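What's in coords06.pdb: PDB, C-alpha atoms
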```
ATOM      1  CA  MET Z 193     -16.815  13.834  78.160
ATOM      2  CA  ASP Z 194     -13.059  13.518  77.709
ATOM      3  CA  ARG Z 195     -11.226  12.390  74.586
ATOM      4  CA  ARG Z 196     -11.110   8.772  75.675
ATOM      5  CA  GLY Z 197     -14.867   8.699  76.353
ATOM      6  CA  LEU Z 198     -15.569  10.317  72.987
ATOM      7  CA  ALA Z 199     -13.424   7.695  71.191
ATOM      8  CA  VAL Z 200     -15.293   4.854  72.977
ATOM      9  CA  PHE Z 201     -18.625   6.465  72.055
ATOM     10  CA  ARG Z 202     -17.615   6.771  68.360
ATOM     11  CA  GLY Z 203     -16.389   3.183  68.264
ATOM     12  CA  SER Z 204     -19.584   1.877  69.891
ATOM     13  CA  PHE Z 205     -21.722   3.915  67.518
ATOM     14  CA  LEU Z 206     -19.912   2.585  64.431
ATOM     15  CA  VAL Z 207     -20.316  -1.025  65.669
ATOM     16  CA  LEU Z 208     -24.032  -0.388  66.268
ATOM     17  CA  VAL Z 209     -24.571   1.122  62.777
ATOM     18  CA  THR Z 210     -22.606  -1.693  61.079
ATOM     19  CA  THR Z 211     -24.593  -4.369  62.970
ATOM     20  CA  ALA Z 212     -27.893  -2.711  62.023
ATOM     21  CA  CYS Z 213     -26.925  -2.568  58.344
ATOM     22  CA  VAL Z 214     -25.879  -6.212  58.240
ATOM     23  CA  SER Z 215     -29.019  -7.425  60.030
ATOM     24  CA  VAL Z 216     -31.356  -5.395  57.820
ATOM     25  CA  GLN Z 217     -29.581  -6.571  54.661
ATOM     26  CA  SER Z 218     -29.919 -10.239  55.601
ATOM     27  CA  ALA Z 219     -33.585  -9.781  56.513
ATOM     28  CA  CYS Z 220     -34.316  -8.333  53.059
ATOM     29  CA  GLN Z 221     -32.725 -11.167  51.080
ATOM     30  CA  TYR Z 222     -34.703 -14.198  49.917
ATOM     31  CA  PRO Z 223     -33.624 -17.490  51.436
ATOM     32  CA  ALA Z 224     -31.693 -19.555  48.877
ATOM     33  CA  ALA Z 225     -33.991 -22.585  49.272
ATOM     34  CA  THR Z 226     -37.235 -20.844  48.258
ATOM     35  CA  PRO Z 227     -37.395 -19.454  44.726
ATOM     36  CA  PRO Z 228     -39.545 -16.398  44.109
ATOM     37  CA  ALA Z 229     -43.160 -17.060  43.152
ATOM     38  CA  PRO Z 230     -43.834 -16.987  39.386
ATOM     39  CA  ALA Z 231     -45.507 -13.860  38.079
ATOM     40  CA  ALA Z 232     -49.151 -14.131  37.170
ATOM     41  CA  VAL Z 233     -49.610 -14.538  33.435
ATOM     42  CA  SER Z 234     -52.581 -12.856  31.833
ATOM     43  CA  PRO Z 235     -53.625 -13.565  28.271
ATOM     44  CA  VAL Z 236     -52.426 -10.909  25.844
ATOM     45  CA  PRO Z 237     -54.294 -10.349  22.597
ATOM     46  CA  ALA Z 238     -52.257 -11.071  19.487
ATOM     47  CA  ALA Z 239     -50.694  -8.012  17.881
ATOM     48  CA  ALA Z 240     -52.153  -6.843  14.613
ATOM     49  CA  PRO Z 241     -50.098  -7.892  11.602
ATOM     50  CA  ALA Z 242     -47.588  -5.240  10.609
ATOM     51  CA  ILE Z 243     -48.123  -3.285   7.425
ATOM     52  CA  GLN Z 244     -45.713  -4.243   4.651
ATOM     53  CA  LEU Z 245     -44.558  -1.172   2.750
ATOM     54  CA  ALA Z 246     -43.325  -1.767  -0.769
ATOM     55  CA  ASP Z 247     -39.894  -0.327  -1.528
ATOM     56  CA  GLY Z 248     -40.213   3.197  -2.889
ATOM     57  CA  THR Z 249     -40.296   6.906  -2.160
ATOM     58  CA  TRP Z 250     -43.044   9.375  -1.339
ATOM     59  CA  ARG Z 251     -42.479  13.124  -1.912
ATOM     60  CA  VAL Z 252     -44.976  15.378  -0.158
ATOM     61  CA  GLN Z 253     -44.576  19.050  -1.049
ATOM     62  CA  GLY Z 254     -46.224  22.084   0.460
ATOM     63  CA  THR Z 255     -46.415  25.674  -0.727
ATOM     64  CA  ARG Z 256     -45.744  28.941   1.032
ATOM     65  CA  VAL Z 257     -48.478  30.267   3.298
ATOM     66  CA  PRO Z 258     -49.694  33.466   1.551
ATOM     67  CA  GLY Z 259     -48.594  36.614   3.379
ATOM     68  CA  SER Z 260     -46.167  34.790   5.676
ATOM     69  CA  ARG Z 261     -42.399  35.292   5.636
ATOM     70  CA  ARG Z 262     -41.793  32.358   7.990
ATOM     71  CA  CYS Z 263     -44.051  29.655   6.578
ATOM     72  CA  GLY Z 264     -42.395  28.889   3.282
ATOM     73  CA  GLU Z 265     -42.275  25.907   0.991
ATOM     74  CA  TRP Z 266     -41.540  22.525   2.522
ATOM     75  CA  LEU Z 267     -40.810  19.003   1.352
ATOM     76  CA  VAL Z 268     -41.018  15.684   3.194
ATOM     77  CA  ARG Z 269     -39.357  12.743   1.463
ATOM     78  CA  LEU Z 270     -40.049   9.264   2.851
ATOM     79  CA  THR Z 271     -38.197   6.170   1.666
ATOM     80  CA  SER Z 272     -38.970   2.512   2.299
ATOM     81  CA  ALA Z 273     -36.168   0.104   1.457
ATOM     82  CA  GLY Z 274     -35.878  -3.457   2.676
ATOM     83  CA  GLY Z 275     -38.589  -2.952   5.278
ATOM     84  CA  GLN Z 276     -36.893   0.126   6.798
ATOM     85  CA  LEU Z 277     -38.563   3.541   6.739
ATOM     86  CA  SER Z 278     -36.453   6.712   6.636
ATOM     87  CA  GLY Z 279     -37.080  10.296   5.650
ATOM     88  CA  THR Z 280     -35.949  13.899   5.387
ATOM     89  CA  VAL Z 281     -37.550  17.323   5.737
ATOM     90  CA  SER Z 282     -36.550  20.377   3.716
ATOM     91  CA  HIS Z 283     -37.702  23.916   4.598
ATOM     92  CA  ALA Z 284     -37.707  26.439   1.751
ATOM     93  CA  ARG Z 285     -34.128  26.389   0.422
ATOM     94  CA  ASN Z 286     -32.562  24.608   3.412
ATOM     95  CA  THR Z 287     -30.849  21.281   2.951
ATOM     96  CA  ALA Z 288     -32.624  18.049   3.829
ATOM     97  CA  VAL Z 289     -32.688  17.295   7.568
ATOM     98  CA  PRO Z 290     -33.049  13.593   8.514
ATOM     99  CA  ILE Z 291     -36.219  12.654  10.372
ATOM    100  CA  GLN Z 292     -35.278  11.191  13.743
ATOM    101  CA  ASN Z 293     -37.182   8.545  15.725
ATOM    102  CA  LEU Z 294     -39.257   7.673  12.666
ATOM    103  CA  MET Z 295     -41.615   4.982  13.927
ATOM    104  CA  LEU Z 296     -43.942   2.957  11.694
ATOM    105  CA  MET Z 297     -46.835   1.352  13.590
ATOM    106  CA  PRO Z 298     -48.547  -1.919  12.592
ATOM    107  CA  ASP Z 299     -51.629   0.000  11.384
ATOM    108  CA  GLY Z 300     -49.543   2.059   8.929
ATOM    109  CA  SER Z 301     -49.395   5.244  10.998
ATOM    110  CA  PHE Z 302     -46.013   6.854  11.616
ATOM    111  CA  SER Z 303     -44.358   9.748  13.386
ATOM    112  CA  GLY Z 304     -40.938  11.360  13.639
ATOM    113  CA  SER Z 305     -39.242  14.670  14.311
ATOM    114  CA  THR Z 306     -36.381  16.857  13.155
ATOM    115  CA  PRO Z 307     -34.193  19.073  15.324
ATOM    116  CA  ALA Z 308     -33.609  22.748  14.587
ATOM    117  CA  SER Z 309     -30.914  23.168  11.947
ATOM    118  CA  MET Z 310     -28.896  25.814  10.148
ATOM    119  CA  SER Z 311     -28.116  26.074   6.454
ATOM    120  CA  GLY Z 312     -25.944  29.090   5.765
ATOM    121  CA  SER Z 313     -27.672  31.961   7.557
ATOM    122  CA  ARG Z 314     -31.098  30.314   7.469
ATOM    123  CA  ARG Z 315     -32.471  28.578  10.543
ATOM    124  CA  ALA Z 316     -34.966  25.752  10.158
ATOM    125  CA  PRO Z 317     -37.111  25.244  13.266
ATOM    126  CA  PRO Z 318     -37.705  21.816  14.801
ATOM    127  CA  SER Z 319     -40.621  19.990  13.233
ATOM    128  CA  THR Z 320     -42.739  16.866  13.547
ATOM    129  CA  VAL Z 321     -44.113  14.645  10.817
ATOM    130  CA  THR Z 322     -47.072  12.342  11.430
ATOM    131  CA  GLY Z 323     -49.158  10.411   8.964
ATOM    132  CA  GLN Z 324     -50.759   7.266   7.642
ATOM    133  CA  PHE Z 325     -49.870   4.881   4.826
ATOM    134  CA  SER Z 326     -52.711   3.300   2.877
ATOM    135  CA  GLY Z 327     -51.648   1.123  -0.036
ATOM    136  CA  ASN Z 328     -49.360   3.218  -2.246
ATOM    137  CA  THR Z 329     -50.565   6.515  -0.756
ATOM    138  CA  VAL Z 330     -49.352   8.477   2.243
ATOM    139  CA  ASN Z 331     -51.264  11.257   3.991
ATOM    140  CA  LEU Z 332     -49.149  13.310   6.357
ATOM    141  CA  THR Z 333     -49.135  16.354   8.586
ATOM    142  CA  PHE Z 334     -46.079  18.596   8.762
ATOM    143  CA  ASP Z 335     -45.877  20.747  11.895
ATOM    144  CA  SER Z 336     -43.135  23.250  12.750
ATOM    145  CA  GLU Z 337     -42.919  25.627  15.678
ATOM    146  CA  ARG Z 338     -43.351  28.697  13.444
ATOM    147  CA  CYS Z 339     -46.426  27.675  11.448
ATOM    148  CA  ALA Z 340     -49.770  25.954  11.792
ATOM    149  CA  PRO Z 341     -49.815  22.227  10.874
ATOM    150  CA  ARG Z 342     -49.995  21.629   7.126
ATOM    151  CA  GLN Z 343     -51.172  18.495   5.302
ATOM    152  CA  GLY Z 344     -50.128  16.778   2.130
ATOM    153  CA  THR Z 345     -50.562  13.550   0.155
ATOM    154  CA  ALA Z 346     -48.277  11.590  -2.165
ATOM    155  CA  THR Z 347     -48.210   8.344  -4.107
ATOM    156  CA  ARG Z 348     -45.339   5.872  -3.956
ATOM    157  CA  ARG Z 349     -42.737   5.855  -6.708
ATOM    158  CA  ALA Z 350     -40.668   2.704  -7.112
ATOM    159  CA  LEU Z 351     -37.011   2.995  -6.137
ATOM    160  CA  GLY Z 352     -34.789   3.807  -9.105
ATOM    161  CA  SER Z 353     -37.491   5.541 -11.121
TER     162      SER Z 353
END
```
Could you show the structure in this file as structure tokens?
Amino acid sequence: MDRRGLAVFRGSFLVLVTTACVSVQSACQYPAATPPAPAAVSPVPAAAPAIQLADGTWRVQGTRVPGSRRCGEWLVRLTSAGGQLSGTVSHARNTAVPIQNLMLMPDGSFSGSTPASMSGSRRAPPSTVTGQFSGNTVNLTFDSERCAPRQGTATRRALGS
């Protein structure tokens, strides 16, 4: 095949590919006159009413695991203000690390996590906090990558006290 034949072949091939793309695209589009069929609607049960936390703070403290150098004292501080839940985690003498993705469920359960952090030369491992509110009491589980999950309980203190 000479250069001229190759150029004709390329040109014909490009026209063929372009025509195929245009015809396939138009075949895949809905005609403008017929709207899409409505989606089937199934009944959905009503969501449970959300728990209403009173404004206040909960401080859950844990002690060092005997014989362990890595599983020291810890503190989880949860705060409810204006319907928003926030919290921090402190490991031993490290500064408070904000709990991220802190989600409060309608039944009063919650979960969140903290990333690994540094305070001076001390490294705090990532951790997760899960728990359940019941009235003015919170029961929670604190879990870090270095230690077994540990539990604690606290009672709400009003903000400002």
Practice problem: Excluding region 295-311 of chain Z and residues on its chain fewer than 6 positions from it, collect all residues at most 6 Å away from it, counting all atoms listed in the file, and give them as a list of chain:residue names. | Solution: Z:Ala242, Z:Ile243, Z:Asn286, Z:Pro317, Z:Pro318, Z:Ser319, Z:Thr320, Z:Val321, Z:Thr322, Z:Gly323, Z:Gln324, Z:Phe325
Quiz prompt | Long-range neighbours of Glu265 (chain Z) as a ChimeraX atom specification, 12 Å cut-off, only C-alpha atoms, 2 positions minimum in chain | solution = /Z:252-258,260-263,267-268,281-286,316,334,339,342
Quiz item: If you apply the PyMOL selection byres ((chain Z and resi 350) around 12) to this file, what residues do you get, as JSON, numbers by chain?
Solution: {"Z": [245, 246, 247, 248, 249, 250, 251, 270, 271, 272, 273, 328, 347, 348, 349, 351, 352, 353]}
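Coordinates place CA of Thr333 (chain Z) at a distance of 20.4 Å from CA of Gln276 (chain Z).
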Quiz item: Between CA of Pro290 (chain Z) and CA of Asp335 (chain Z), what is the spacing in Å?
Solution: 15.1 Å
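The coordinates place CA of Leu294 (chain Z) at 7.3 Å from CA of Leu277 (chain Z).
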Spell out the residues picked by the PyMOL selection byres ((chain Z and resi 344) around 6) here, as a PDB file with C-alpha atoms, in the frame of the given file.
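The resulting file, expr09.pdb, is shown below:
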```
ATOM      1  CA  VAL Z 252     -44.976  15.378  -0.158  1.00  0.00           C
ATOM      2  CA  ASN Z 331     -51.264  11.257   3.991  1.00  0.00           C
ATOM      3  CA  LEU Z 332     -49.149  13.310   6.357  1.00  0.00           C
ATOM      4  CA  GLN Z 343     -51.172  18.495   5.302  1.00  0.00           C
ATOM      5  CA  THR Z 345     -50.562  13.550   0.155  1.00  0.00           C
TER       6      THR Z 345
END
```
Edge lengths and centre, in Å to one decimal, as AutoDock Vina command-line options: that's what I need for the box along x, y and z that holds all listed atoms of region 325-334 of chain Z plus 5 Å on each side.
```
--center_x -49.4 --center_y 9.9 --center_z 3.3 --size_x 16.6 --size_y 27.5 --size_z 21.0
```
Add whatever atoms are absent from region 291-316 of chain Z to reach N, CA, C and O atoms, and provide the output as a PDB file, keeping the file's coordinate frame.
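Result saved to part_12.pdb:
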```pdb
ATOM      1  N   ILE Z 291     -35.166  12.827   9.370  1.00  0.00           N
ATOM      2  CA  ILE Z 291     -36.219  12.654  10.372  1.00  0.00           C
ATOM      3  C   ILE Z 291     -35.711  11.650  11.394  1.00  0.00           C
ATOM      4  O   ILE Z 291     -35.288  10.552  11.043  1.00  0.00           O
ATOM      5  N   GLN Z 292     -35.745  12.048  12.659  1.00  0.00           N
ATOM      6  CA  GLN Z 292     -35.278  11.191  13.743  1.00  0.00           C
ATOM      7  C   GLN Z 292     -36.456  10.468  14.386  1.00  0.00           C
ATOM      8  O   GLN Z 292     -37.591  10.942  14.332  1.00  0.00           O
ATOM      9  N   ASN Z 293     -36.165   9.328  15.010  1.00  0.00           N
ATOM     10  CA  ASN Z 293     -37.182   8.545  15.725  1.00  0.00           C
ATOM     11  C   ASN Z 293     -38.399   8.268  14.852  1.00  0.00           C
ATOM     12  O   ASN Z 293     -39.537   8.351  15.313  1.00  0.00           O
ATOM     13  N   LEU Z 294     -38.168   7.951  13.602  1.00  0.00           N
ATOM     14  CA  LEU Z 294     -39.257   7.673  12.666  1.00  0.00           C
ATOM     15  C   LEU Z 294     -39.797   6.278  12.960  1.00  0.00           C
ATOM     16  O   LEU Z 294     -39.102   5.283  12.769  1.00  0.00           O
ATOM     17  N   MET Z 295     -41.010   6.236  13.495  1.00  0.00           N
ATOM     18  CA  MET Z 295     -41.615   4.982  13.927  1.00  0.00           C
ATOM     19  C   MET Z 295     -42.821   4.649  13.059  1.00  0.00           C
ATOM     20  O   MET Z 295     -43.731   5.464  12.923  1.00  0.00           O
ATOM     21  N   LEU Z 296     -42.814   3.444  12.482  1.00  0.00           N
ATOM     22  CA  LEU Z 296     -43.942   2.957  11.694  1.00  0.00           C
ATOM     23  C   LEU Z 296     -44.710   1.958  12.554  1.00  0.00           C
ATOM     24  O   LEU Z 296     -44.147   0.984  13.037  1.00  0.00           O
ATOM     25  N   MET Z 297     -45.980   2.212  12.768  1.00  0.00           N
ATOM     26  CA  MET Z 297     -46.835   1.352  13.590  1.00  0.00           C
ATOM     27  C   MET Z 297     -47.483   0.264  12.728  1.00  0.00           C
ATOM     28  O   MET Z 297     -47.572   0.419  11.508  1.00  0.00           O
ATOM     29  N   PRO Z 298     -47.939  -0.819  13.358  1.00  0.00           N
ATOM     30  CA  PRO Z 298     -48.547  -1.919  12.592  1.00  0.00           C
ATOM     31  C   PRO Z 298     -49.746  -1.499  11.738  1.00  0.00           C
ATOM     32  O   PRO Z 298     -50.003  -2.091  10.705  1.00  0.00           O
ATOM     33  N   ASP Z 299     -50.459  -0.442  12.154  1.00  0.00           N
ATOM     34  CA  ASP Z 299     -51.629   0.000  11.384  1.00  0.00           C
ATOM     35  C   ASP Z 299     -51.272   0.917  10.221  1.00  0.00           C
ATOM     36  O   ASP Z 299     -52.151   1.395   9.504  1.00  0.00           O
ATOM     37  N   GLY Z 300     -49.966   1.201  10.032  1.00  0.00           N
ATOM     38  CA  GLY Z 300     -49.543   2.059   8.929  1.00  0.00           C
ATOM     39  C   GLY Z 300     -49.341   3.508   9.316  1.00  0.00           C
ATOM     40  O   GLY Z 300     -48.900   4.308   8.498  1.00  0.00           O
ATOM     41  N   SER Z 301     -49.646   3.866  10.566  1.00  0.00           N
ATOM     42  CA  SER Z 301     -49.395   5.244  10.998  1.00  0.00           C
ATOM     43  C   SER Z 301     -47.911   5.388  11.336  1.00  0.00           C
ATOM     44  O   SER Z 301     -47.224   4.402  11.602  1.00  0.00           O
ATOM     45  N   PHE Z 302     -47.426   6.607  11.320  1.00  0.00           N
ATOM     46  CA  PHE Z 302     -46.013   6.854  11.616  1.00  0.00           C
ATOM     47  C   PHE Z 302     -45.846   8.227  12.221  1.00  0.00           C
ATOM     48  O   PHE Z 302     -46.730   9.085  12.131  1.00  0.00           O
ATOM     49  N   SER Z 303     -44.697   8.433  12.849  1.00  0.00           N
ATOM     50  CA  SER Z 303     -44.358   9.748  13.386  1.00  0.00           C
ATOM     51  C   SER Z 303     -42.852   9.850  13.519  1.00  0.00           C
ATOM     52  O   SER Z 303     -42.152   8.843  13.641  1.00  0.00           O
ATOM     53  N   GLY Z 304     -42.353  11.078  13.470  1.00  0.00           N
ATOM     54  CA  GLY Z 304     -40.938  11.360  13.639  1.00  0.00           C
ATOM     55  C   GLY Z 304     -40.747  12.852  13.812  1.00  0.00           C
ATOM     56  O   GLY Z 304     -41.699  13.628  13.713  1.00  0.00           O
ATOM     57  N   SER Z 305     -39.506  13.257  14.090  1.00  0.00           N
ATOM     58  CA  SER Z 305     -39.242  14.670  14.311  1.00  0.00           C
ATOM     59  C   SER Z 305     -37.866  15.044  13.773  1.00  0.00           C
ATOM     60  O   SER Z 305     -37.019  14.188  13.552  1.00  0.00           O
ATOM     61  N   THR Z 306     -37.684  16.334  13.561  1.00  0.00           N
ATOM     62  CA  THR Z 306     -36.381  16.857  13.155  1.00  0.00           C
ATOM     63  C   THR Z 306     -35.962  17.917  14.162  1.00  0.00           C
ATOM     64  O   THR Z 306     -36.808  18.673  14.664  1.00  0.00           O
ATOM     65  N   PRO Z 307     -34.665  18.009  14.440  1.00  0.00           N
ATOM     66  CA  PRO Z 307     -34.193  19.073  15.324  1.00  0.00           C
ATOM     67  C   PRO Z 307     -34.080  20.383  14.543  1.00  0.00           C
ATOM     68  O   PRO Z 307     -34.142  20.390  13.312  1.00  0.00           O
ATOM     69  N   ALA Z 308     -33.898  21.479  15.251  1.00  0.00           N
ATOM     70  CA  ALA Z 308     -33.609  22.748  14.587  1.00  0.00           C
ATOM     71  C   ALA Z 308     -32.287  22.597  13.851  1.00  0.00           C
ATOM     72  O   ALA Z 308     -31.408  21.837  14.274  1.00  0.00           O
ATOM     73  N   SER Z 309     -32.155  23.280  12.722  1.00  0.00           N
ATOM     74  CA  SER Z 309     -30.914  23.168  11.947  1.00  0.00           C
ATOM     75  C   SER Z 309     -30.598  24.498  11.282  1.00  0.00           C
ATOM     76  O   SER Z 309     -31.453  25.371  11.171  1.00  0.00           O
ATOM     77  N   MET Z 310     -29.344  24.612  10.849  1.00  0.00           N
ATOM     78  CA  MET Z 310     -28.896  25.814  10.148  1.00  0.00           C
ATOM     79  C   MET Z 310     -28.367  25.421   8.779  1.00  0.00           C
ATOM     80  O   MET Z 310     -27.713  24.387   8.628  1.00  0.00           O
ATOM     81  N   SER Z 311     -28.679  26.237   7.791  1.00  0.00           N
ATOM     82  CA  SER Z 311     -28.116  26.074   6.454  1.00  0.00           C
ATOM     83  C   SER Z 311     -27.715  27.470   6.000  1.00  0.00           C
ATOM     84  O   SER Z 311     -28.577  28.294   5.675  1.00  0.00           O
ATOM     85  N   GLY Z 312     -26.411  27.736   6.041  1.00  0.00           N
ATOM     86  CA  GLY Z 312     -25.944  29.090   5.765  1.00  0.00           C
ATOM     87  C   GLY Z 312     -26.424  30.003   6.883  1.00  0.00           C
ATOM     88  O   GLY Z 312     -26.200  29.728   8.052  1.00  0.00           O
ATOM     89  N   SER Z 313     -27.139  31.046   6.536  1.00  0.00           N
ATOM     90  CA  SER Z 313     -27.672  31.961   7.557  1.00  0.00           C
ATOM     91  C   SER Z 313     -29.134  31.674   7.864  1.00  0.00           C
ATOM     92  O   SER Z 313     -29.751  32.383   8.645  1.00  0.00           O
ATOM     93  N   ARG Z 314     -29.681  30.634   7.257  1.00  0.00           N
ATOM     94  CA  ARG Z 314     -31.098  30.314   7.469  1.00  0.00           C
ATOM     95  C   ARG Z 314     -31.249  29.257   8.551  1.00  0.00           C
ATOM     96  O   ARG Z 314     -30.577  28.241   8.532  1.00  0.00           O
ATOM     97  N   ARG Z 315     -32.178  29.519   9.468  1.00  0.00           N
ATOM     98  CA  ARG Z 315     -32.471  28.578  10.543  1.00  0.00           C
ATOM     99  C   ARG Z 315     -33.777  27.868  10.241  1.00  0.00           C
ATOM    100  O   ARG Z 315     -34.787  28.502   9.954  1.00  0.00           O
ATOM    101  N   ALA Z 316     -33.745  26.538  10.311  1.00  0.00           N
ATOM    102  CA  ALA Z 316     -34.966  25.752  10.158  1.00  0.00           C
ATOM    103  C   ALA Z 316     -35.406  25.332  11.563  1.00  0.00           C
ATOM    104  O   ALA Z 316     -34.605  24.787  12.323  1.00  0.00           O
TER     105      ALA Z 316
END
```
